[in-house]
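Below is one structure, written out as structure tokens; the observations come after it.
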Amino acid sequence: MEELLRIMSEVRPDIDFENETALIDNEMLDSLDIVAIVTDVNDEFDIEINVNDLLPENFNSAKALYELITKLQYE
Amino acid sequence: MVRNVLEYLEASAARFPDKIALRDENEELTYSEYVSQAKTVASWLAAGVTKDQRNQPVAVIIDRNIRSIVAFIGIVYSGNFYVPIDNTMPAERVQLIYDTLQPVAVIDARTNTSKPIEGAKPIEEILKETAIDGPALDLIRRNAVDTDPLYGIFTSGSTGVPKGVVVCHRSVVDLVEAFADTFGFDENMVHGNQAPFDFDVSVKDIYNAMRNGATVVVVPKKLFMLPKLLLEFISEHKINTMIWAVSALRIVSDFKALDAAEEMTGIRYIMFSGEVMPVKALNYWIDNVPDALYVNLYGPTEITCNCTYFVVNGKQDEWKALPIGKPFPNTRVLLLDEKREKLVTKAGEVGELCVAGTSLALGYWNNPEKTAEAFFQDPSITAYRSIIYGTGDMAYYNEEGDLVFASRRDFQIKHMGHRIELGEIEVALNAIPFIETSCCLYDEARGKIVCFYQSQSEDTRAIVKLLGEKLPKYMWPNIFKRYDKLPMNKNSKIDRVKLKEELK
């Protein structure tokens with residue numbers, strides 16, 4: 001989880017990723033942030049987040065994204 | 001001949017009174033409702049704040065909604081011009097815009113107005129409280145001329161103060177006539193509006209649709225993070241025209257979202273501008289949506305959206321730059337040498353791209369010095385006044401006679417579809433107490449703004465937090481490099497050439 005928080009904070013140092021739960025719904029991120037986060041996460045965790053995973057429920061919080069990463073690692 | 005954009009709206013409302021003109025997530029308006037709501041807004045202005053005033057700026061606090069468009073056109077009916085303001089920008093920047101603009105009124109077009117903005121009148125209150133005053137609006141129209149300002153849009157300024165580009169009716173009429181002639185736009189188009197309304201790409205959605213009696217669907221912002229849902233939205237709303245920023249098209253190609261989507265057979269036009277389109281991304285779109293007409297559009301806000309276009313004929317060579325093409329009808333493009341004295345005409349020779357014609361903006365609001373710098377006499381004409389706009393973009397003609405963008409002549413960049421003066425970022429950085437001095441460069445290969453700063457302490461989070469109070473997010477540097485002492489050149493200025501080498 002710490003690694004994920006580091007990646008997300010590098011892309012957007014202004015957002016408190018530990019506590020935010022509506023990153024997509026409140027439009028706190030934009031398309032380029034998503035591209036940057038997904039690219040780094042794929043590299044770092046050796047997974048492939050694909051277009052079907054790009055849904056609000058997977059990206060609204062760091063915790064939700066971490067759950068997606070864990071799920072993809074087991075698949 | 002059309003002189004005022006309202007003639008387009010009224011003609012379309014007469015042809016298609018019950019057709020949907022505007023739609024967003026929450027509501028939709030037919031053409032006759034569109035006219036009636038805009039006239040209501042105008043009557044409120046004409047009865048009070050702008051009584052007896054013409055050609056004055058009225059600010060609109062925008063949202064991703066159709067009420068923003070109704071507010072714009074209402075202001076136009078009142079004989080004044082609108083200036084879209086994005087209130088989610090840092091408060092200091094919004095204040096700088098207000099200080100420069102001194103608007104006579106502010107209309108709040110946000111969907112959610114539960115947190116009121118001091119001095120701004122919510123559009124929903126105007127629509128509830130006001131009746132249309134037909135005779136007053138007729139009188140206003142009788143005195144209108146085609147060089148009256150239509151809108152103002154603020155762009156980045158190198159001294160730290162944004163510049164307000166003011167564009168008149170004539171320029172927008174010329175633009176949409178050129179689009180209709182060149183691309184065959186018609187009433188069956190459904191524009192999927194991507195561009196925020198304080199960005200002039202949106203002008204093409206609003207006024208092309210208005211001229212042709214077509215429909216504008218405002219695409220919710222968050223869909224540009226969710227490409228699968230974005231494509232579903234396009235299909236569901238039968239959007240067939242996308243005049244988008246390059247970055248918006250890239251979210252689809254980067255995630256190969258079209259691979260998993262249903263066939264997008266209904267899309268007729270895909271047009272892009274704002275920055276250089278990567279050919280790889282373009283080819284991905286062409287492979288998956290082969291029947292659409294793809295057009296690379298080029299031009300700064302000061303010449304009313306676009307001055308040149310390049311129709312993409314099939315997949316492109318990934319090793320070649322995509323041309324910006326040829327001028328639109330009623331637009332002349334010339335290339336000038338470094339001193340802005342002589343014409344550059346040889347193929348392959350680089351010159352500054354300058355533009356002549358009725359598309360030229362009226363100038364920068366309340367800023368005659370900057371206006372005179374950017375809008376100047378055509379050096380090839382001495383017998384009469386002929387003003388051209390110097391874009392600051394360096395370009396050349398290729399062997400096919402198409403213009404190709406080469407570079408910038410100054411420190412302005414195009415990043416995430418926005419024009420940014422690196423100097424404006426440096427002004428904000430240098431105001432941070434623990435930064436002694438700074439320099440920003442653009443790493444074109446990676447599309448990132450790199451900040452080199454001189455400071456005894458390293459705290460990126462604090463820098464971004466302080467920048468966030470002054471600059472919109474798209475202006476924040478992506479990479480920070482701290483120096484105890486920045487390298488200097490012989491003239492005791494920061495050695496940009498040396499720093500640029502570090503980007504390699």
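Convention: chains lettered A, B, ... in structure tokens order; per-chain residue numbering from 1; ligands numbered from 1 as shown.
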If you run DSSP on the backbone, which residues of chain A are helix (DSSP H, G or I), as a compact mmCIF listing (two decimals) with N, CA and C atoms, in the first residue's frame?
# COMPACT_ATOMS: atom_id res chain seq x y z
N GLU A 2 1.97 1.19 0.77
CA GLU A 2 2.86 2.37 0.83
C GLU A 2 3.42 2.71 -0.54
N GLU A 3 3.78 1.66 -1.28
CA GLU A 3 4.33 1.84 -2.62
C GLU A 3 3.30 2.53 -3.53
N LEU A 4 2.04 2.09 -3.41
CA LEU A 4 0.98 2.69 -4.22
C LEU A 4 0.79 4.16 -3.85
N LEU A 5 0.79 4.45 -2.55
CA LEU A 5 0.62 5.84 -2.11
C LEU A 5 1.77 6.70 -2.63
N ARG A 6 2.98 6.12 -2.67
CA ARG A 6 4.13 6.86 -3.18
C ARG A 6 3.91 7.20 -4.67
N ILE A 7 3.47 6.19 -5.44
CA ILE A 7 3.24 6.41 -6.88
C ILE A 7 2.19 7.50 -7.09
N MET A 8 1.08 7.38 -6.36
CA MET A 8 -0.02 8.35 -6.56
C MET A 8 0.41 9.75 -6.14
N SER A 9 1.16 9.85 -5.04
CA SER A 9 1.59 11.18 -4.56
C SER A 9 2.60 11.81 -5.50
N GLU A 10 3.35 10.97 -6.19
CA GLU A 10 4.31 11.54 -7.15
C GLU A 10 3.57 12.20 -8.31
N VAL A 11 2.47 11.59 -8.71
CA VAL A 11 1.69 12.16 -9.82
C VAL A 11 0.94 13.41 -9.35
N SER A 31 -7.65 12.97 -16.82
CA SER A 31 -7.30 11.83 -17.66
C SER A 31 -5.78 11.58 -17.65
N LEU A 32 -5.00 12.65 -17.64
CA LEU A 32 -3.55 12.44 -17.68
C LEU A 32 -3.01 11.87 -16.38
N ASP A 33 -3.66 12.21 -15.25
CA ASP A 33 -3.26 11.61 -13.97
C ASP A 33 -3.50 10.11 -14.02
N ILE A 34 -4.66 9.73 -14.56
CA ILE A 34 -5.00 8.31 -14.63
C ILE A 34 -3.98 7.56 -15.48
N VAL A 35 -3.64 8.14 -16.64
CA VAL A 35 -2.65 7.50 -17.52
C VAL A 35 -1.34 7.32 -16.76
N ALA A 36 -0.89 8.37 -16.06
CA ALA A 36 0.40 8.32 -15.35
C ALA A 36 0.35 7.29 -14.23
N ILE A 37 -0.73 7.27 -13.46
CA ILE A 37 -0.83 6.33 -12.33
C ILE A 37 -0.87 4.89 -12.85
N VAL A 38 -1.70 4.65 -13.87
CA VAL A 38 -1.83 3.27 -14.38
C VAL A 38 -0.51 2.77 -14.96
N THR A 39 0.19 3.63 -15.69
CA THR A 39 1.47 3.22 -16.28
C THR A 39 2.45 2.82 -15.17
N ASP A 40 2.56 3.65 -14.14
CA ASP A 40 3.51 3.36 -13.05
C ASP A 40 3.09 2.13 -12.25
N VAL A 41 1.80 1.99 -12.00
CA VAL A 41 1.30 0.85 -11.23
C VAL A 41 1.56 -0.45 -12.00
N ASN A 42 1.28 -0.44 -13.30
CA ASN A 42 1.53 -1.64 -14.12
C ASN A 42 2.99 -2.06 -14.03
N ASP A 43 3.89 -1.08 -14.13
CA ASP A 43 5.33 -1.39 -14.10
C ASP A 43 5.73 -1.91 -12.72
N GLU A 44 5.30 -1.19 -11.71
CA GLU A 44 5.77 -1.47 -10.35
C GLU A 44 5.23 -2.79 -9.82
N PHE A 45 3.97 -3.11 -10.12
CA PHE A 45 3.35 -4.31 -9.56
C PHE A 45 3.28 -5.47 -10.57
N VAL A 51 -8.67 -1.60 -19.95
CA VAL A 51 -9.73 -0.59 -20.07
C VAL A 51 -10.98 -0.97 -19.26
N ASN A 52 -11.25 -2.28 -19.13
CA ASN A 52 -12.44 -2.70 -18.38
C ASN A 52 -12.31 -2.47 -16.88
N ASP A 53 -11.06 -2.27 -16.42
CA ASP A 53 -10.86 -1.99 -14.99
C ASP A 53 -10.98 -0.49 -14.68
N PRO A 56 -15.10 3.93 -11.92
CA PRO A 56 -15.01 4.76 -10.71
C PRO A 56 -14.75 3.92 -9.46
N GLU A 57 -15.42 2.75 -9.36
CA GLU A 57 -15.27 1.97 -8.11
C GLU A 57 -13.84 1.49 -7.88
N ASN A 58 -13.04 1.40 -8.93
CA ASN A 58 -11.64 0.97 -8.75
C ASN A 58 -10.68 2.13 -8.52
N PHE A 59 -11.12 3.35 -8.78
CA PHE A 59 -10.18 4.49 -8.73
C PHE A 59 -10.61 5.60 -7.79
N ALA A 62 -7.32 5.24 -2.96
CA ALA A 62 -6.10 4.42 -3.05
C ALA A 62 -6.41 3.00 -2.59
N LYS A 63 -7.30 2.88 -1.57
CA LYS A 63 -7.63 1.56 -1.03
C LYS A 63 -8.31 0.70 -2.13
N ALA A 64 -9.24 1.32 -2.86
CA ALA A 64 -9.94 0.58 -3.92
C ALA A 64 -8.96 0.16 -5.00
N LEU A 65 -8.04 1.03 -5.34
CA LEU A 65 -7.06 0.69 -6.38
C LEU A 65 -6.16 -0.43 -5.87
N TYR A 66 -5.82 -0.38 -4.59
CA TYR A 66 -4.96 -1.42 -4.02
C TYR A 66 -5.65 -2.79 -4.07
N GLU A 67 -6.95 -2.76 -3.84
CA GLU A 67 -7.72 -4.02 -3.92
C GLU A 67 -7.71 -4.56 -5.35
N LEU A 68 -7.83 -3.66 -6.32
CA LEU A 68 -7.79 -4.09 -7.73
C LEU A 68 -6.42 -4.70 -8.04
N ILE A 69 -5.36 -4.03 -7.57
CA ILE A 69 -4.00 -4.53 -7.83
C ILE A 69 -3.84 -5.94 -7.24
N THR A 70 -4.30 -6.11 -6.01
CA THR A 70 -4.18 -7.41 -5.34
C THR A 70 -4.93 -8.48 -6.13
N LYS A 71 -6.12 -8.12 -6.57
CA LYS A 71 -6.94 -9.07 -7.34
C LYS A 71 -6.21 -9.47 -8.64
N LEU A 72 -5.67 -8.48 -9.33
CA LEU A 72 -4.99 -8.77 -10.61
C LEU A 72 -3.71 -9.57 -10.39
N GLN A 73 -3.07 -9.37 -9.25
CA GLN A 73 -1.84 -10.13 -8.97
C GLN A 73 -2.15 -11.62 -8.77
N TYR A 74 -3.34 -11.91 -8.25
CA TYR A 74 -3.71 -13.31 -8.00
C TYR A 74 -4.23 -14.00 -9.25
**Message:** Would you pick out the contacts of Gly401 (chain B) at 9 Å or less, using only C-alpha atoms, so that residues sharing its chain but fewer than 5 positions from it are not included, and give the list as a list in words?
**Reply:**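 Selected residues are Gly325, Lys326 and Ala347 of chain B.
If only C-alpha atoms are the atoms counted, then among B:Leu499, B:Leu466, B:Ala356, B:Leu101 the closest residue to chain A is B:Leu466.
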Which residues of chain B have any atom within 6 Å of an atom in chain A when counting only C-alpha atoms, and what is the closest pair of atoms for each, with the distance in Å to one decimal? Order the rows by chain and rising number and write it as CSV.
residue,atom,partner,partner_atom,distance
B:Lys222,CA,A:Glu27,CA,5.9
B:Phe224,CA,A:Ser31,CA,5.6
B:Met225,CA,A:Ser31,CA,4.4
B:Leu226,CA,A:Leu54,CA,5.5
B:Phe255,CA,A:Val51,CA,5.7
B:Ala257,CA,A:Val51,CA,5.8
B:Arg461,CA,A:Pro13,CA,5.6
B:Lys465,CA,A:Asp14,CA,6.0
**Message:** Applying 7 Å and only C-alpha atoms, which residues near region 4-10 of chain B remain after dropping the ones on its own chain fewer than 5 positions away? List them as a list in words.
**Reply:** Asp146, His169, Val173, Met210 and Arg211 of chain B
**Asked** Which is closer to Asp393 (chain B) than all the others in B:Val350, B:Ile132, B:Leu293, B:Gly417, using only C-alpha atoms?
**Response**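 For Asp393 (chain B), the nearest of the given residues is B:Val350.
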**Message:** Could you list, as a list in words, every residue within 6 Å of region 42-49 of chain B, counting only C-alpha atoms and ignoring same-chain residues fewer than 3 positions away?
**Reply:**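 Counting only C-alpha atoms, the residues come to Lys39, Gly74, Ile75, Tyr77, Ser78, Ile132 and Asp133 of chain B.
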**Item:** Nearby residues (only C-alpha atoms) at most 8 Å from Gly468 (chain B), same-chain spacing under 4 positions excluded, as JSON, numbers by chain
**Value:** {"A": [14], "B": [90, 464, 472, 473, 476]}
Writer output for current selection, C-alpha atoms, as a PDB file, in the first residue's frame:
ATOM      1  CA  ASP A  14      -1.421  18.019  -3.672  1.00  0.00           C
TER       2      ASP A  14
ATOM      3  CA  PRO B  90      -6.908  29.098  -7.821  1.00  0.00           C
ATOM      4  CA  VAL B 464       3.112  22.299  -5.283  1.00  0.00           C
ATOM      5  CA  PRO B 472      -4.217  25.954 -12.427  1.00  0.00           C
ATOM      6  CA  LYS B 473      -3.082  22.342 -12.278  1.00  0.00           C
ATOM      7  CA  TRP B 476       2.281  22.851 -12.369  1.00  0.00           C
TER       8      TRP B 476
END
